[in-house]
Amino acid sequence: MRGKLRQDKVIFLAITGAISLVLLVMGSYQLYEFSESNSFCGQLCHTVMNPEYTVYQHSPHSRVPCVDCHVGPGADYLVKAKIRGLPQVFATLFSTYERPLGTPVKNLRPARDTCEQCHRPEIFSGDILRTYTTYDVDEASTERAINMVLRVGTGQEEIARDIHWHIAARVWYVPLDEKHAKIGWVGVEDPVAGLAEYTNPKYAGEITAARVEKEKRLMDCIDCHNRATHVFSSPEQLIDERITLGRIDGSLPYIKREALKALGEISPSLDIANLKVEALADFYRTNYPAVYSQQRQDIDNAIEELKEVALLTVFTEMGVDWQTHLDNVGHSQSEGCFRCHGTLAAGAGNNKADVISADCNACHYNPGREGTITTGRFIPHAIAGLEDCLSCHDADGTKPFPSDHVGRSNTLCTACHQPSTIAVPPPATPPAAVPIPHSITGLEDCFSCHGPGNIKPYPANHVGRSNSLCTVCHKPTTTAAPPSVPPAAGQIPHSIAGLEDCFSCHGPGSSQPYPADHVGRTNAQCTICHKSPQLPARPPATPPAAIVIPHSIAGLADCFLCHGPGSVRPYPANHVGRTNALCTVCHQPTTVARPPSLPPPAGSIPHSIVGIGDCLMCHARGGIEPFPSDHVGRTNSQCTICHQPGD
């Protein structure tokens with residue numbers, strides 16, 4: 001009986017153990033599968049990976065599992081990934097992760113092990129037509145389509161050419177910054193000619209043979225297609241895309257402009273961005289009531305689409321926006337191709353071209369004009385003397401550039417936009433540019449009247465412009481007369497002969513203070529608006545509040561002997577900083593030819609001072625007869641003004 005019971009227990013334990021083992025294996029496999037899933041990568045640590053996971057879901061690679069690029073197949077990659085992931089777990093638990101996450105990913109597998117498993121660069125692609133559609137910010141949101149043919153070519157070694165030549169060739173480079181935005185050295189291997197080296201002259205001092213040997217990297221797909229999956233598009237790109245697809249009705253008046261107003265600037269939070277978007281309904285209700293009534297559904301659809309745009313561009317909790325991570329495909333959002341092309345020069349003894357070519361036609365051309373790139377609008381004027389394109393074409397300039405041009409330099413402009421060869425004068429005055437209603441002869445400093453807070457302030461979007469730019473758009477009249485006195489500019493009620501320093505009376509705290517908005521103006525500017533009548537050359541009359549000097553000032557030219565701070569007769573606090581020469585402008589002396597009488601509190605000197613010219617020998621502080629504390633700083637010459645000596 002006992003043997004039977006023991007046997008039943010063994011069987012029970014064996015079956016239970018087997019079931020537990022199966023469940024453990026299944027659970028472990030499911031846990032493994034979960035740890036390899038997109039939801040684990042993107043959602044378990046929601047805040048950390050939210051920007052990358054959100055845009056990944058809207059990218060061309062949204063059906064490619066994260067682990068295909070970030071982990072790799074087999075137990076070897078699995079173990080490596082889990083070990084590398086441990087510090088990330090602790091960083092997430094203790095909130096010590098980077099904000100934003102750094103790029104590029106240092107331990108990402110080579111593109112030949114990831115990208116080229118699906119994309120085969122050796123397959124001949126030839127020339128590919130692309131159409132880029134954008135919309136203006138006018139009422140009709142005018143459509144502008146640019147057709148461009150990309151010379152993709154092939155990466156097949158024997159016949160490699162065009163853009164994909166970079167994959168077939170062995171191109172080495174040395175990045176000088178973490179984001180690989182600055183490239184200091186490039187070396188191209190040639191089986192016959194050897195290594196052709198190119199160096200950026202700006203960073204030549206940073207390039208050494210030892211650094212090249214230690215830090216050089218072999219170029220692959222990711223060096224250009226660095227945002228192939230986690231694509232952070234600008235609001236303008238996403239808005240244009242939705243108008244093109246019909247998801248936003250382009251017939252709504254000013255829809256592109258108002259959408260950019262809401263989302264073109266980085267919002268502090270997604271909630272605030274959504275509030276800006278919802279204000280679109282108020283815009284149409286107020287300005288286009290008929291449109292609001294008839295196309296209410298289209299407006300609501302536009303608002304929902306723009307909220308999705310906000311979702312794809314606002315990640316304030318991680319410090320990420322569409323400008324955080326550079327996209328090196330082409331050169332529209334970063335230096336891209338121009339990190340090397342047109343920038344790096346050949347080294348000594350190099351049998352290649354002096355500079356890596358930046359010819360536009362090497363990579364793309366207009367389908368209507370083979371061999372000529374016309375993708376950028378032509379500059380409708382000569383640029384001689386107008387080399388600073390950003391003087392007119394900054395974000396708020398006379399002719400603003402698109403929002404995706406922010407951060408580009410003058411040198412990049414002519415890479416796409418070709419200037420007219422016609423010797424035309426500077427661009428005509430824009431319709432919105434107000435003509436200068438007077439001659440500028442002698443008034444070349446426009447900012448004397450037109451600075452912020454001045455008589456005629458310029459618009460806020462003119463801040464930072466220089467005098468030399470004013471007449472590019474604003475043309476002066478031929479009237480050879482200075483501008484008339486503005487109605488609000490009071491006339492000077494006296495002659496200014498001998499009183500050219502206006503600020504002696506009109507500085508802050510003076511007899512006649514000027515208005516607060518005059519701070520920073522110079523004497524030379526005063527008479528531009530304030531005119532002096534042809535009165536006799538005399539000082540202005542004594543102001544009513546100015547006390548008459550009750551004595552002659554003969555021999556008493558230094559008023560501050562008695563009237564300095566702490567003196568016998570201190571002056572008011574608002575007189576600090578004035579000079580002796582200013583005193584008699586307001587305070588008139590009497591004609592009595594005698595020194596001022598001895599003030600009652602001043603005691604007589606009880607002895608003769610003959611042979612005792614230095615009063616301070618005895619009366620300095622700490623002397624035999626110290627003077628009062630309020631006499632500190634007075635000199636011997638001042639003593640007898642108040643204290644009369646005995647016989």
# chains A, B, ... in the order shown; residues from 1 in each chain; ligands from 1
>>> residues_around(residues="Cys221 (chain A)", least_positions_apart="6", cutoff="9 Å", atoms="only C-alpha atoms", output="NGL selection string")
:A and (110-112 or 115-116 or 166-167)
>>> write_last_selection(atoms="all heavy atoms", output="CSV table (one decimal), in the first residue's frame")
chain,number,residue,atom,x,y,z
A,110,PRO,N,26.2,48.2,-38.3
A,110,PRO,CA,26.5,48.8,-39.6
A,110,PRO,C,25.3,48.7,-40.6
A,110,PRO,O,24.6,47.7,-40.6
A,110,PRO,CB,27.7,47.9,-40.1
A,110,PRO,CG,28.3,47.3,-38.9
A,110,PRO,CD,27.1,47.1,-37.9
A,111,ALA,N,25.2,49.6,-41.5
A,111,ALA,CA,24.1,49.6,-42.4
A,111,ALA,C,24.2,48.4,-43.4
A,111,ALA,O,23.1,48.0,-43.8
A,111,ALA,CB,24.2,50.9,-43.3
A,112,ARG,N,25.4,47.9,-43.6
A,112,ARG,CA,25.4,46.7,-44.5
A,112,ARG,C,24.8,45.5,-43.8
A,112,ARG,O,24.4,44.6,-44.5
A,112,ARG,CB,26.9,46.4,-44.8
A,112,ARG,CG,27.5,47.5,-45.8
A,112,ARG,CD,29.0,47.3,-46.0
A,112,ARG,NE,29.5,48.2,-47.1
A,112,ARG,CZ,29.7,49.5,-46.9
A,112,ARG,NH1,29.4,50.1,-45.8
A,112,ARG,NH2,30.1,50.2,-48.0
A,115,CYS,N,20.3,48.0,-43.3
A,115,CYS,CA,19.6,48.6,-44.4
A,115,CYS,C,19.8,47.7,-45.7
A,115,CYS,O,18.8,47.5,-46.4
A,115,CYS,CB,20.2,50.0,-44.7
A,115,CYS,SG,20.3,51.1,-43.3
A,116,GLU,N,21.0,47.2,-45.9
A,116,GLU,CA,21.2,46.5,-47.2
A,116,GLU,C,20.6,45.1,-47.2
A,116,GLU,O,20.8,44.4,-48.2
A,116,GLU,CB,22.7,46.5,-47.4
A,116,GLU,CG,23.3,47.9,-47.7
A,116,GLU,CD,24.8,47.9,-48.1
A,116,GLU,OE1,25.3,46.8,-48.5
A,116,GLU,OE2,25.4,48.9,-48.0
A,166,HIS,N,28.9,56.5,-53.6
A,166,HIS,CA,29.4,56.6,-52.2
A,166,HIS,C,29.4,55.2,-51.5
A,166,HIS,O,30.2,55.0,-50.5
A,166,HIS,CB,28.7,57.6,-51.4
A,166,HIS,CG,28.8,59.0,-51.9
A,166,HIS,ND1,28.0,59.5,-53.0
A,166,HIS,CD2,29.6,60.0,-51.5
A,166,HIS,CE1,28.4,60.8,-53.2
A,166,HIS,NE2,29.3,61.1,-52.4
A,167,ILE,N,28.5,54.3,-51.9
A,167,ILE,CA,28.4,53.0,-51.2
A,167,ILE,C,29.4,52.0,-51.8
A,167,ILE,O,30.0,51.2,-51.0
A,167,ILE,CB,27.0,52.5,-51.3
A,167,ILE,CG1,26.0,53.5,-50.6
A,167,ILE,CG2,26.8,51.1,-50.7
A,167,ILE,CD1,26.3,53.8,-49.2
>>> residues_around(residues="Val610 (chain A)", least_positions_apart="4", cutoff="12 Å", atoms="only C-alpha atoms", output="list in words")
Ile605, Asp614, Cys615, Pro645, Gly646 and Asp647 of chain A
>>> write_last_selection(atoms="C-alpha atoms", output="PDB file, in the first residue's frame")
ATOM      1  CA  ILE A 605      38.463 132.541  14.623  1.00  0.00           C
ATOM      2  CA  ASP A 614      47.344 125.893   7.094  1.00  0.00           C
ATOM      3  CA  CYS A 615      44.230 125.778   9.323  1.00  0.00           C
ATOM      4  CA  PRO A 645      39.862 135.670  11.824  1.00  0.00           C
ATOM      5  CA  GLY A 646      40.504 137.906  14.873  1.00  0.00           C
ATOM      6  CA  ASP A 647      43.154 140.626  15.029  1.00  0.00           C
TER       7      ASP A 647
END
>>> select_by_dssp(residues="region 200-390 of chain A", states="strand (DSSP E or B)", output="ChimeraX atom specification")
/A:217-218,315,320,345-346,355,364-366,369,379
>>> write_last_selection(atoms="all heavy atoms", output="compact mmCIF listing (two decimals), in the first residue's frame")
# COMPACT_ATOMS: atom_id res chain seq x y z
N ARG A 217 36.21 56.84 -40.01
CA ARG A 217 35.05 55.95 -40.11
C ARG A 217 34.79 55.67 -41.58
O ARG A 217 34.96 56.56 -42.43
CB ARG A 217 33.81 56.60 -39.50
CG ARG A 217 33.90 56.90 -38.03
CD ARG A 217 32.75 57.78 -37.58
NE ARG A 217 31.46 57.20 -37.93
CZ ARG A 217 30.76 56.38 -37.14
NH1 ARG A 217 31.23 56.08 -35.94
NH2 ARG A 217 29.61 55.89 -37.52
N LEU A 218 34.35 54.46 -41.86
CA LEU A 218 34.00 54.11 -43.23
C LEU A 218 32.58 54.56 -43.50
O LEU A 218 31.65 54.21 -42.77
CB LEU A 218 34.13 52.60 -43.45
CG LEU A 218 33.88 52.10 -44.88
CD1 LEU A 218 34.92 52.68 -45.84
CD2 LEU A 218 33.88 50.57 -44.93
N PHE A 315 7.54 67.86 -28.47
CA PHE A 315 7.96 66.87 -27.47
C PHE A 315 8.77 67.59 -26.39
O PHE A 315 9.95 67.31 -26.17
CB PHE A 315 8.82 65.77 -28.12
CG PHE A 315 8.17 65.10 -29.30
CD1 PHE A 315 8.51 65.46 -30.59
CD2 PHE A 315 7.21 64.12 -29.12
CE1 PHE A 315 7.92 64.85 -31.68
CE2 PHE A 315 6.61 63.49 -30.20
CZ PHE A 315 6.96 63.86 -31.49
N VAL A 320 12.75 67.96 -27.39
CA VAL A 320 12.90 67.62 -28.82
C VAL A 320 11.92 68.41 -29.66
O VAL A 320 10.76 68.60 -29.27
CB VAL A 320 12.66 66.10 -29.04
CG1 VAL A 320 12.66 65.75 -30.52
CG2 VAL A 320 13.72 65.28 -28.32
N ALA A 345 39.19 70.59 -49.39
CA ALA A 345 40.19 70.82 -50.44
C ALA A 345 41.19 69.67 -50.46
O ALA A 345 41.48 69.05 -49.44
CB ALA A 345 40.90 72.15 -50.21
N ALA A 346 41.73 69.41 -51.65
CA ALA A 346 42.68 68.32 -51.82
C ALA A 346 43.98 68.60 -51.10
O ALA A 346 44.43 69.75 -51.01
CB ALA A 346 42.94 68.08 -53.30
N VAL A 355 39.10 70.67 -55.09
CA VAL A 355 38.02 70.71 -54.11
C VAL A 355 36.99 69.66 -54.49
O VAL A 355 36.73 69.44 -55.67
CB VAL A 355 37.36 72.11 -54.07
CG1 VAL A 355 36.21 72.12 -53.09
CG2 VAL A 355 38.38 73.17 -53.69
N HIS A 364 21.40 66.03 -59.14
CA HIS A 364 20.02 66.19 -59.60
C HIS A 364 19.95 67.21 -60.71
O HIS A 364 20.89 67.99 -60.93
CB HIS A 364 19.11 66.59 -58.44
CG HIS A 364 19.66 67.65 -57.54
ND1 HIS A 364 19.98 68.91 -57.95
CD2 HIS A 364 19.95 67.62 -56.19
CE1 HIS A 364 20.43 69.63 -56.94
NE2 HIS A 364 20.44 68.86 -55.86
N TYR A 365 18.84 67.22 -61.44
CA TYR A 365 18.63 68.19 -62.51
C TYR A 365 17.14 68.34 -62.76
O TYR A 365 16.31 67.53 -62.31
CB TYR A 365 19.35 67.77 -63.80
CG TYR A 365 18.88 66.45 -64.39
CD1 TYR A 365 17.82 66.40 -65.30
CD2 TYR A 365 19.50 65.25 -64.03
CE1 TYR A 365 17.39 65.20 -65.83
CE2 TYR A 365 19.07 64.05 -64.56
CZ TYR A 365 18.02 64.03 -65.46
OH TYR A 365 17.59 62.84 -65.98
N ASN A 366 16.78 69.41 -63.49
CA ASN A 366 15.39 69.66 -63.84
C ASN A 366 15.03 68.81 -65.05
O ASN A 366 15.76 68.80 -66.04
CB ASN A 366 15.21 71.14 -64.17
CG ASN A 366 13.77 71.50 -64.43
OD1 ASN A 366 13.21 71.13 -65.45
ND2 ASN A 366 13.16 72.23 -63.52
N ARG A 369 15.13 70.49 -68.46
CA ARG A 369 16.37 71.05 -68.99
C ARG A 369 17.52 70.17 -68.54
O ARG A 369 18.17 70.42 -67.55
CB ARG A 369 16.56 72.49 -68.51
CG ARG A 369 15.47 73.43 -68.94
CD ARG A 369 15.63 74.78 -68.30
NE ARG A 369 16.88 75.42 -68.69
CZ ARG A 369 17.33 76.56 -68.15
NH1 ARG A 369 16.62 77.16 -67.22
NH2 ARG A 369 18.48 77.08 -68.54
N ILE A 379 17.05 84.17 -58.55
CA ILE A 379 17.08 85.47 -57.88
C ILE A 379 16.82 86.51 -58.96
O ILE A 379 17.56 86.58 -59.94
CB ILE A 379 18.46 85.70 -57.22
CG1 ILE A 379 18.75 84.58 -56.22
CG2 ILE A 379 18.49 87.06 -56.53
CD1 ILE A 379 20.16 84.60 -55.67
>>> atom_distance(atom1="CA of Glu143 (chain A)", atom2="CA of Ile255 (chain A)")
12.2 Å
>>> residues_around(residues="Gly490 (chain A)", least_positions_apart="5", cutoff="12 Å", atoms="only C-alpha atoms", output="JSON, numbers by chain")
{"A": [485, 514, 515, 526, 527, 528, 529, 530, 531, 532, 533]}
>>> write_last_selection(atoms="C-alpha atoms", output="PDB file, in the first residue's frame")
ATOM      1  CA  VAL A 485       9.261 119.246 -36.801  1.00  0.00           C
ATOM      2  CA  TYR A 514      13.213 115.175 -21.203  1.00  0.00           C
ATOM      3  CA  PRO A 515      10.636 112.373 -21.718  1.00  0.00           C
ATOM      4  CA  CYS A 526      17.783 117.376 -30.433  1.00  0.00           C
ATOM      5  CA  THR A 527      17.564 120.036 -33.150  1.00  0.00           C
ATOM      6  CA  ILE A 528      16.310 117.582 -35.763  1.00  0.00           C
ATOM      7  CA  CYS A 529      12.869 117.874 -34.201  1.00  0.00           C
ATOM      8  CA  HIS A 530      13.125 120.739 -31.718  1.00  0.00           C
ATOM      9  CA  LYS A 531      13.764 124.103 -33.407  1.00  0.00           C
ATOM     10  CA  SER A 532      15.273 127.163 -31.735  1.00  0.00           C
ATOM     11  CA  PRO A 533      13.842 130.613 -32.598  1.00  0.00           C
TER      12      PRO A 533
END
>>> closest_residue(among="A:Arg211, A:Arg296, A:Lys256, A:His506", to="Thr244 (chain A)", atoms="only C-alpha atoms")
A:Lys256
>>> closest_residue(among="A:His58, A:His587, A:Arg621, A:Arg569", to="Thr229 (chain A)", atoms="only C-alpha atoms")
A:His58
>>> residues_around(residues="Ile272 (chain A)", least_positions_apart="5", cutoff="10 Å", atoms="only C-alpha atoms", output="VMD selection string")
chain A and resid 262 267 277 to 278 310 314
>>> closest_residue(among="A:Ser391, A:Asn200, A:Ser567, A:Asn523", to="Cys639 (chain A)", atoms="only C-alpha atoms")
A:Ser567
>>> residues_around(residues="Asn580 (chain A)", least_positions_apart="4", cutoff="12 Å", atoms="only C-alpha atoms", output="ChimeraX atom specification")
/A:504,553,556-564,575-576,584-587
>>> select_by_dssp(residues="region 118-272 of chain A", states="alpha helix (DSSP H)", output="PyMOL selection string")
chain A and resi 165-168+209-215+235-244+255-263+270-272
>>> write_last_selection(atoms="N, CA and C atoms", output="compact mmCIF listing (two decimals), in the first residue's frame")
# COMPACT_ATOMS: atom_id res chain seq x y z
N TRP A 165 27.33 55.92 -55.75
CA TRP A 165 28.76 55.65 -55.86
C TRP A 165 29.40 55.63 -54.47
N HIS A 166 28.86 56.46 -53.57
CA HIS A 166 29.43 56.56 -52.23
C HIS A 166 29.41 55.23 -51.49
N ILE A 167 28.50 54.33 -51.86
CA ILE A 167 28.40 53.04 -51.18
C ILE A 167 29.39 52.04 -51.76
N ALA A 168 29.60 52.10 -53.07
CA ALA A 168 30.54 51.17 -53.70
C ALA A 168 31.98 51.55 -53.36
N ALA A 209 47.80 63.07 -38.45
CA ALA A 209 47.83 61.69 -38.94
C ALA A 209 47.37 60.72 -37.86
N ALA A 210 47.75 61.01 -36.62
CA ALA A 210 47.35 60.12 -35.52
C ALA A 210 45.84 60.15 -35.32
N ARG A 211 45.24 61.35 -35.42
CA ARG A 211 43.79 61.46 -35.23
C ARG A 211 43.06 60.77 -36.37
N VAL A 212 43.55 60.92 -37.59
CA VAL A 212 42.92 60.26 -38.74
C VAL A 212 42.93 58.75 -38.53
N GLU A 213 44.08 58.22 -38.14
CA GLU A 213 44.21 56.78 -37.97
C GLU A 213 43.29 56.26 -36.87
N LYS A 214 43.13 57.05 -35.82
CA LYS A 214 42.33 56.61 -34.67
C LYS A 214 40.84 56.79 -34.87
N GLU A 215 40.41 57.89 -35.53
CA GLU A 215 38.99 58.25 -35.53
C GLU A 215 38.30 58.09 -36.88
N PRO A 235 6.83 71.51 -39.10
CA PRO A 235 5.39 71.72 -39.27
C PRO A 235 5.04 72.11 -40.70
N GLU A 236 5.88 72.93 -41.34
CA GLU A 236 5.57 73.35 -42.71
C GLU A 236 5.55 72.17 -43.65
N GLN A 237 6.52 71.26 -43.52
CA GLN A 237 6.53 70.07 -44.37
C GLN A 237 5.26 69.24 -44.17
N LEU A 238 4.88 69.04 -42.93
CA LEU A 238 3.70 68.22 -42.64
C LEU A 238 2.41 68.89 -43.09
N ILE A 239 2.35 70.22 -42.97
CA ILE A 239 1.17 70.95 -43.44
C ILE A 239 1.06 70.86 -44.96
N ASP A 240 2.18 71.10 -45.66
CA ASP A 240 2.18 70.99 -47.12
C ASP A 240 1.75 69.59 -47.56
N GLU A 241 2.26 68.59 -46.87
CA GLU A 241 1.94 67.20 -47.21
C GLU A 241 0.44 66.94 -47.07
N ARG A 242 -0.17 67.45 -46.02
CA ARG A 242 -1.60 67.21 -45.79
C ARG A 242 -2.48 67.99 -46.76
N ILE A 243 -2.02 69.16 -47.17
CA ILE A 243 -2.78 69.90 -48.19
C ILE A 243 -2.71 69.15 -49.52
N THR A 244 -1.52 68.65 -49.86
CA THR A 244 -1.34 67.90 -51.11
C THR A 244 -2.21 66.65 -51.14
N ILE A 255 -5.22 79.21 -45.21
CA ILE A 255 -5.07 78.03 -44.37
C ILE A 255 -3.60 77.74 -44.08
N LYS A 256 -2.73 77.90 -45.08
CA LYS A 256 -1.30 77.64 -44.84
C LYS A 256 -0.74 78.66 -43.85
N ARG A 257 -1.07 79.92 -44.03
CA ARG A 257 -0.54 80.97 -43.14
C ARG A 257 -0.99 80.77 -41.70
N GLU A 258 -2.28 80.51 -41.51
CA GLU A 258 -2.81 80.37 -40.17
C GLU A 258 -2.31 79.10 -39.49
N ALA A 259 -2.13 78.05 -40.27
CA ALA A 259 -1.58 76.81 -39.72
C ALA A 259 -0.15 77.03 -39.23
N LEU A 260 0.63 77.79 -40.02
CA LEU A 260 2.00 78.09 -39.61
C LEU A 260 2.04 79.02 -38.40
N LYS A 261 1.08 79.94 -38.32
CA LYS A 261 1.02 80.81 -37.14
C LYS A 261 0.83 79.98 -35.87
N ALA A 262 0.04 78.94 -35.99
CA ALA A 262 -0.26 78.11 -34.82
C ALA A 262 0.91 77.20 -34.45
N LEU A 263 1.59 76.65 -35.47
CA LEU A 263 2.57 75.60 -35.19
C LEU A 263 3.98 75.92 -35.66
N LEU A 270 2.26 70.43 -25.60
CA LEU A 270 1.30 69.96 -26.60
C LEU A 270 -0.06 70.59 -26.36
N ASP A 271 -0.45 70.79 -25.11
CA ASP A 271 -1.75 71.39 -24.80
C ASP A 271 -1.83 72.82 -25.36
N ILE A 272 -0.75 73.57 -25.21
CA ILE A 272 -0.74 74.95 -25.72
C ILE A 272 -0.78 74.93 -27.24
>>> atom_distance(atom1="CA of Gln156 (chain A)", atom2="CA of Pro60 (chain A)")
24.6 Å
>>> residues_around(residues="Arg130 (chain A)", least_positions_apart="3", cutoff="12 Å", atoms="only C-alpha atoms", output="PyMOL selection string")
chain A and resi 127+133+145-152+364-367+375
>>> closest_residue(among="A:Asn574, A:Thr477, A:Ser234, A:Thr640", to="Gln333 (chain A)", atoms="only C-alpha atoms")
A:Ser234
>>> atom_distance(atom1="CA of Phe447 (chain A)", atom2="CA of Asn467 (chain A)")
7.3 Å
>>> residues_around(residues="Thr154 (chain A)", least_positions_apart="3", cutoff="10 Å", atoms="only C-alpha atoms", output="PyMOL selection string")
chain A and resi 120-127+151+157-168
